[in-house]
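Student: Got a file for you: protein_38.pdb, PDB, C-alpha atoms, pLDDT in the B column.
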ATOM      1  CA  MET A   1     -97.835  10.174 188.419  1.00 53.00           C
ATOM      2  CA  LEU A   2    -100.116   7.500 187.071  1.00 55.00           C
ATOM      3  CA  PRO A   3    -100.455   4.269 188.874  1.00 60.00           C
ATOM      4  CA  VAL A   4     -98.713   1.388 187.102  1.00 58.00           C
ATOM      5  CA  LEU A   5    -100.600  -1.791 186.742  1.00 61.00           C
ATOM      6  CA  TRP A   6     -98.819  -4.931 187.743  1.00 58.00           C
ATOM      7  CA  PHE A   7     -99.244  -6.554 184.305  1.00 60.00           C
ATOM      8  CA  ALA A   8     -98.153  -3.471 182.405  1.00 59.00           C
ATOM      9  CA  ARG A   9     -94.894  -2.972 184.248  1.00 62.00           C
ATOM     10  CA  ARG A  10     -91.783  -2.647 182.254  1.00 64.00           C
ATOM     11  CA  ARG A  11     -89.235  -5.303 182.737  1.00 63.00           C
ATOM     12  CA  PRO A  12     -85.603  -4.543 182.788  1.00 61.00           C
ATOM     13  CA  LEU A  13     -83.901  -4.876 179.453  1.00 64.00           C
ATOM     14  CA  MET A  14     -81.794  -7.974 179.185  1.00 64.00           C
ATOM     15  CA  SER A  15     -79.771  -9.226 176.352  1.00 69.00           C
ATOM     16  CA  THR A  16     -81.511 -12.040 174.534  1.00 72.00           C
ATOM     17  CA  ARG A  17     -79.869 -14.630 172.429  1.00 73.00           C
ATOM     18  CA  LEU A  18     -81.756 -15.582 169.304  1.00 76.00           C
ATOM     19  CA  LYS A  19     -81.435 -19.212 168.330  1.00 77.00           C
ATOM     20  CA  ARG A  20     -80.996 -20.083 164.703  1.00 76.00           C
ATOM     21  CA  PRO A  21     -83.144 -22.980 163.583  1.00 73.00           C
ATOM     22  CA  ALA A  22     -81.134 -26.165 163.375  1.00 80.00           C
ATOM     23  CA  VAL A  23     -80.200 -27.257 159.860  1.00 85.00           C
ATOM     24  CA  TRP A  24     -80.779 -30.929 160.599  1.00 87.00           C
ATOM     25  CA  ARG A  25     -84.466 -30.270 161.366  1.00 87.00           C
ATOM     26  CA  SER A  26     -85.158 -28.768 157.948  1.00 88.00           C
ATOM     27  CA  LEU A  27     -83.151 -31.544 156.294  1.00 93.00           C
ATOM     28  CA  LEU A  28     -85.108 -34.163 158.230  1.00 93.00           C
ATOM     29  CA  VAL A  29     -88.438 -32.667 157.160  1.00 93.00           C
ATOM     30  CA  THR A  30     -87.272 -32.523 153.538  1.00 94.00           C
ATOM     31  CA  VAL A  31     -86.051 -36.122 153.588  1.00 96.00           C
ATOM     32  CA  LEU A  32     -89.290 -37.345 155.178  1.00 97.00           C
ATOM     33  CA  LEU A  33     -91.419 -35.520 152.596  1.00 97.00           C
ATOM     34  CA  LEU A  34     -89.308 -36.893 149.727  1.00 97.00           C
ATOM     35  CA  ALA A  35     -89.595 -40.418 151.153  1.00 97.00           C
ATOM     36  CA  PHE A  36     -93.376 -40.038 151.434  1.00 97.00           C
ATOM     37  CA  GLN A  37     -93.594 -38.804 147.839  1.00 97.00           C
ATOM     38  CA  GLY A  38     -91.468 -41.761 146.723  1.00 96.00           C
ATOM     39  CA  TYR A  39     -93.787 -44.130 148.565  1.00 95.00           C
ATOM     40  CA  LEU A  40     -96.849 -42.596 146.913  1.00 94.00           C
ATOM     41  CA  GLY A  41     -95.166 -42.646 143.491  1.00 94.00           C
ATOM     42  CA  PHE A  42     -94.265 -46.312 143.849  1.00 93.00           C
ATOM     43  CA  ASN A  43     -97.836 -47.206 144.818  1.00 92.00           C
ATOM     44  CA  VAL A  44     -99.262 -45.256 141.889  1.00 92.00           C
ATOM     45  CA  VAL A  45     -97.232 -47.363 139.474  1.00 90.00           C
ATOM     46  CA  GLY A  46     -96.738 -50.741 141.096  1.00 89.00           C
ATOM     47  CA  GLY A  47     -99.063 -50.898 144.071  1.00 88.00           C
ATOM     48  CA  GLN A  48    -102.042 -53.176 144.559  1.00 88.00           C
ATOM     49  CA  PHE A  49    -104.332 -50.755 142.698  1.00 88.00           C
ATOM     50  CA  GLY A  50    -101.614 -49.049 140.644  1.00 90.00           C
ATOM     51  CA  ILE A  51    -101.336 -48.624 136.892  1.00 91.00           C
ATOM     52  CA  GLU A  52     -99.705 -52.011 136.273  1.00 91.00           C
ATOM     53  CA  SER A  53    -102.196 -53.823 138.508  1.00 91.00           C
ATOM     54  CA  GLN A  54    -105.109 -52.172 136.726  1.00 92.00           C
ATOM     55  CA  LYS A  55    -103.849 -53.523 133.394  1.00 93.00           C
ATOM     56  CA  GLN A  56    -103.747 -57.022 134.890  1.00 93.00           C
ATOM     57  CA  MET A  57    -107.211 -56.526 136.417  1.00 94.00           C
ATOM     58  CA  ARG A  58    -108.627 -55.595 132.993  1.00 95.00           C
ATOM     59  CA  VAL A  59    -107.161 -58.787 131.490  1.00 96.00           C
ATOM     60  CA  ASP A  60    -108.592 -60.811 134.385  1.00 96.00           C
ATOM     61  CA  ILE A  61    -112.003 -59.187 133.895  1.00 97.00           C
ATOM     62  CA  GLN A  62    -112.032 -60.167 130.214  1.00 97.00           C
ATOM     63  CA  ASP A  63    -111.036 -63.752 131.084  1.00 97.00           C
ATOM     64  CA  LEU A  64    -113.734 -63.983 133.742  1.00 97.00           C
ATOM     65  CA  LYS A  65    -116.360 -62.576 131.357  1.00 97.00           C
ATOM     66  CA  ALA A  66    -115.442 -65.230 128.774  1.00 97.00           C
ATOM     67  CA  GLN A  67    -115.574 -67.938 131.443  1.00 98.00           C
ATOM     68  CA  SER A  68    -118.919 -66.603 132.638  1.00 98.00           C
ATOM     69  CA  ALA A  69    -120.325 -66.716 129.099  1.00 97.00           C
ATOM     70  CA  THR A  70    -119.125 -70.315 128.695  1.00 97.00           C
ATOM     71  CA  LEU A  71    -120.715 -71.340 131.982  1.00 97.00           C
ATOM     72  CA  LYS A  72    -123.936 -69.512 131.075  1.00 97.00           C
ATOM     73  CA  ALA A  73    -124.114 -71.474 127.797  1.00 97.00           C
ATOM     74  CA  GLU A  74    -123.516 -74.723 129.715  1.00 97.00           C
ATOM     75  CA  ILE A  75    -126.249 -73.839 132.208  1.00 97.00           C
ATOM     76  CA  ASP A  76    -128.652 -73.056 129.364  1.00 96.00           C
ATOM     77  CA  SER A  77    -127.810 -76.406 127.762  1.00 93.00           C
ATOM     78  CA  TYR A  78    -128.553 -78.275 130.988  1.00 93.00           C
ATOM     79  CA  GLN A  79    -131.763 -76.330 131.505  1.00 92.00           C
ATOM     80  CA  HIS A  80    -132.867 -77.264 127.985  1.00 88.00           C
ATOM     81  CA  LYS A  81    -132.084 -80.931 128.590  1.00 84.00           C
ATOM     82  CA  THR A  82    -134.009 -80.975 131.855  1.00 85.00           C
ATOM     83  CA  SER A  83    -136.939 -79.153 130.295  1.00 83.00           C
ATOM     84  CA  LEU A  84    -137.244 -82.023 127.812  1.00 76.00           C
ATOM     85  CA  PHE A  85    -138.302 -84.267 130.710  1.00 76.00           C
ATOM     86  CA  ALA A  86    -141.429 -82.209 131.320  1.00 77.00           C
ATOM     87  CA  SER A  87    -144.512 -84.334 130.637  1.00 73.00           C
ATOM     88  CA  ALA A  88    -145.970 -81.681 128.336  1.00 76.00           C
ATOM     89  CA  GLN A  89    -142.878 -81.742 126.095  1.00 73.00           C
ATOM     90  CA  LEU A  90    -141.998 -85.440 126.243  1.00 75.00           C
ATOM     91  CA  ASP A  91    -142.460 -87.153 122.862  1.00 77.00           C
ATOM     92  CA  PRO A  92    -143.321 -90.856 123.321  1.00 79.00           C
ATOM     93  CA  ASP A  93    -141.813 -91.876 119.963  1.00 81.00           C
ATOM     94  CA  ILE A  94    -138.435 -90.331 120.749  1.00 78.00           C
ATOM     95  CA  LEU A  95    -138.543 -91.811 124.243  1.00 80.00           C
ATOM     96  CA  THR A  96    -139.152 -95.366 122.985  1.00 82.00           C
ATOM     97  CA  GLU A  97    -136.523 -94.966 120.257  1.00 81.00           C
ATOM     98  CA  LYS A  98    -133.866 -93.900 122.754  1.00 81.00           C
ATOM     99  CA  ALA A  99    -134.882 -96.609 125.234  1.00 84.00           C
ATOM    100  CA  ARG A 100    -134.616 -99.321 122.559  1.00 83.00           C
ATOM    101  CA  ALA A 101    -131.240 -98.018 121.427  1.00 80.00           C
ATOM    102  CA  LEU A 102    -129.975 -97.869 125.001  1.00 86.00           C
ATOM    103  CA  LEU A 103    -131.227-101.384 125.813  1.00 87.00           C
ATOM    104  CA  GLN A 104    -130.254-102.743 122.365  1.00 81.00           C
ATOM    105  CA  MET A 105    -133.720-104.139 121.803  1.00 84.00           C
ATOM    106  CA  ALA A 106    -136.124-103.925 118.881  1.00 82.00           C
ATOM    107  CA  HIS A 107    -139.867-104.147 118.529  1.00 77.00           C
ATOM    108  CA  PRO A 108    -141.123-107.082 116.391  1.00 79.00           C
ATOM    109  CA  ASP A 109    -142.548-104.604 113.872  1.00 81.00           C
ATOM    110  CA  ASP A 110    -139.274-102.658 113.531  1.00 78.00           C
ATOM    111  CA  LEU A 111    -137.100-102.961 110.450  1.00 81.00           C
ATOM    112  CA  VAL A 112    -133.526-103.594 111.602  1.00 78.00           C
ATOM    113  CA  ILE A 113    -130.673-102.935 109.186  1.00 81.00           C
ATOM    114  CA  MET A 114    -127.358-104.394 110.313  1.00 80.00           C
ATOM    115  CA  THR A 115    -124.342-102.212 109.569  1.00 83.00           C
ATOM    116  CA  ASP A 116    -120.616-102.809 109.652  1.00 84.00           C
ATOM    117  CA  PRO A 117    -119.298-100.819 112.675  1.00 82.00           C
ATOM    118  CA  SER A 118    -116.014 -99.952 110.952  1.00 87.00           C
ATOM    119  CA  THR A 119    -117.508 -98.577 107.725  1.00 87.00           C
ATOM    120  CA  GLY A 120    -121.103 -97.815 108.708  1.00 82.00           C
ATOM    121  CA  LEU A 121    -122.362 -99.532 105.527  1.00 87.00           C
ATOM    122  CA  PRO A 122    -125.211-102.056 105.601  1.00 86.00           C
ATOM    123  CA  ILE A 123    -124.209-105.716 105.690  1.00 83.00           C
ATOM    124  CA  SER A 124    -125.691-107.556 102.736  1.00 75.00           C
ATOM    125  CA  GLY A 125    -126.629-111.200 102.571  1.00 63.00           C
ATOM    126  CA  SER A 126    -127.376-113.631 105.327  1.00 57.00           C
ATOM    127  CA  ALA A 127    -125.854-113.579 108.745  1.00 53.00           C
ATOM    128  CA  ARG A 128    -124.585-117.165 108.396  1.00 50.00           C
ATOM    129  CA  GLY A 129    -120.951-116.249 107.794  1.00 51.00           C
ATOM    130  CA  LEU A 130    -120.752-113.686 110.535  1.00 52.00           C
ATOM    131  CA  THR A 131    -119.163-114.309 113.893  1.00 51.00           C
ATOM    132  CA  GLU A 132    -121.084-113.885 117.115  1.00 52.00           C
ATOM    133  CA  ASN A 133    -119.793-110.323 117.701  1.00 54.00           C
ATOM    134  CA  GLN A 134    -120.747-109.213 114.207  1.00 54.00           C
ATOM    135  CA  SER A 135    -124.207-110.806 114.181  1.00 52.00           C
ATOM    136  CA  ALA A 136    -125.443-108.476 116.946  1.00 52.00           C
ATOM    137  CA  PRO A 137    -123.708-105.125 116.568  1.00 53.00           C
ATOM    138  CA  THR A 138    -124.539-102.331 118.928  1.00 57.00           C
ATOM    139  CA  ILE A 139    -127.316-100.018 117.861  1.00 56.00           C
ATOM    140  CA  GLN A 140    -125.977 -96.517 117.376  1.00 56.00           C
ATOM    141  CA  SER A 141    -128.211 -93.567 118.159  1.00 54.00           C
ATOM    142  CA  GLY A 142    -128.064 -89.910 118.873  1.00 52.00           C
ATOM    143  CA  ILE A 143    -128.177 -90.147 122.669  1.00 50.00           C
ATOM    144  CA  ASP A 144    -126.154 -87.345 124.240  1.00 44.00           C
TER
END
Hey, can you dump this file as structure tokens for me?
Tutor:
Amino acid sequence: MLPVLWFARRRPLMSTRLKRPAVWRSLLVTVLLLAFQGYLGFNVVGGQFGIESQKQMRVDIQDLKAQSATLKAEIDSYQHKTSLFASAQLDPDILTEKARALLQMAHPDDLVIMTDPSTGLPISGSARGLTENQSAPTIQSGID
């Protein structure tokens, strides 16, 4: 007779009871997977980066691009105005004209034409019949 190894010994036959898998476990797994799919589906449509949010983001991007273009034009305008103060580009005639208009003064050699502020037409005749406010109207100019 052959020697029997201790790990290869035959065990006595016993009746075994096979357990059926519980139904509630498979139902629980199914419900959890369906809930997870529902969560993912909701986020695809209405989440922070979902389809609806992307439409709103595109609208916001267009608004911000328009606002950026407006601000860029404003910046360019201010840069142009400040570049006019450079000594190489400063025109002395325009500078004295704007200073006189701002200070409401005239040079003795200047020709001053008085205009009616309401109509903008020149006032004819002497200034004798004019009141004090009308005899020295403000000088209008193209100062920004």
Student: Go ahead and compute the interatomic distance for CA of Gly46 in chain A and CA of Val29 in chain A, in Å to one decimal.
Tutor: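 That distance, rounded to one decimal, is 25.6 Å.
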Student: Between CA of Gln79 in chain A and CA of Gln67 in chain A, what is the distance, to one decimal in Å?
Tutor: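 Between these atoms lies a distance of 18.2 Å.
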Student: To one decimal place, how far is CA of Trp24 in chain A from CA of Gly38 in chain A in Å?
Tutor: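 Straight-line distance from CA of Trp24 in chain A to CA of Gly38 in chain A works out to 20.6 Å.
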Student: Around range 58-70 of chain A, with edges along x, y and z and 6 Å added on all six sides, what centre and edge lengths do you get, in Å to one decimal, as JSON?
Tutor:
{"center_x": -113.7, "center_y": -63.0, "center_z": 131.5, "size_x": 25.2, "size_y": 26.7, "size_z": 17.7}
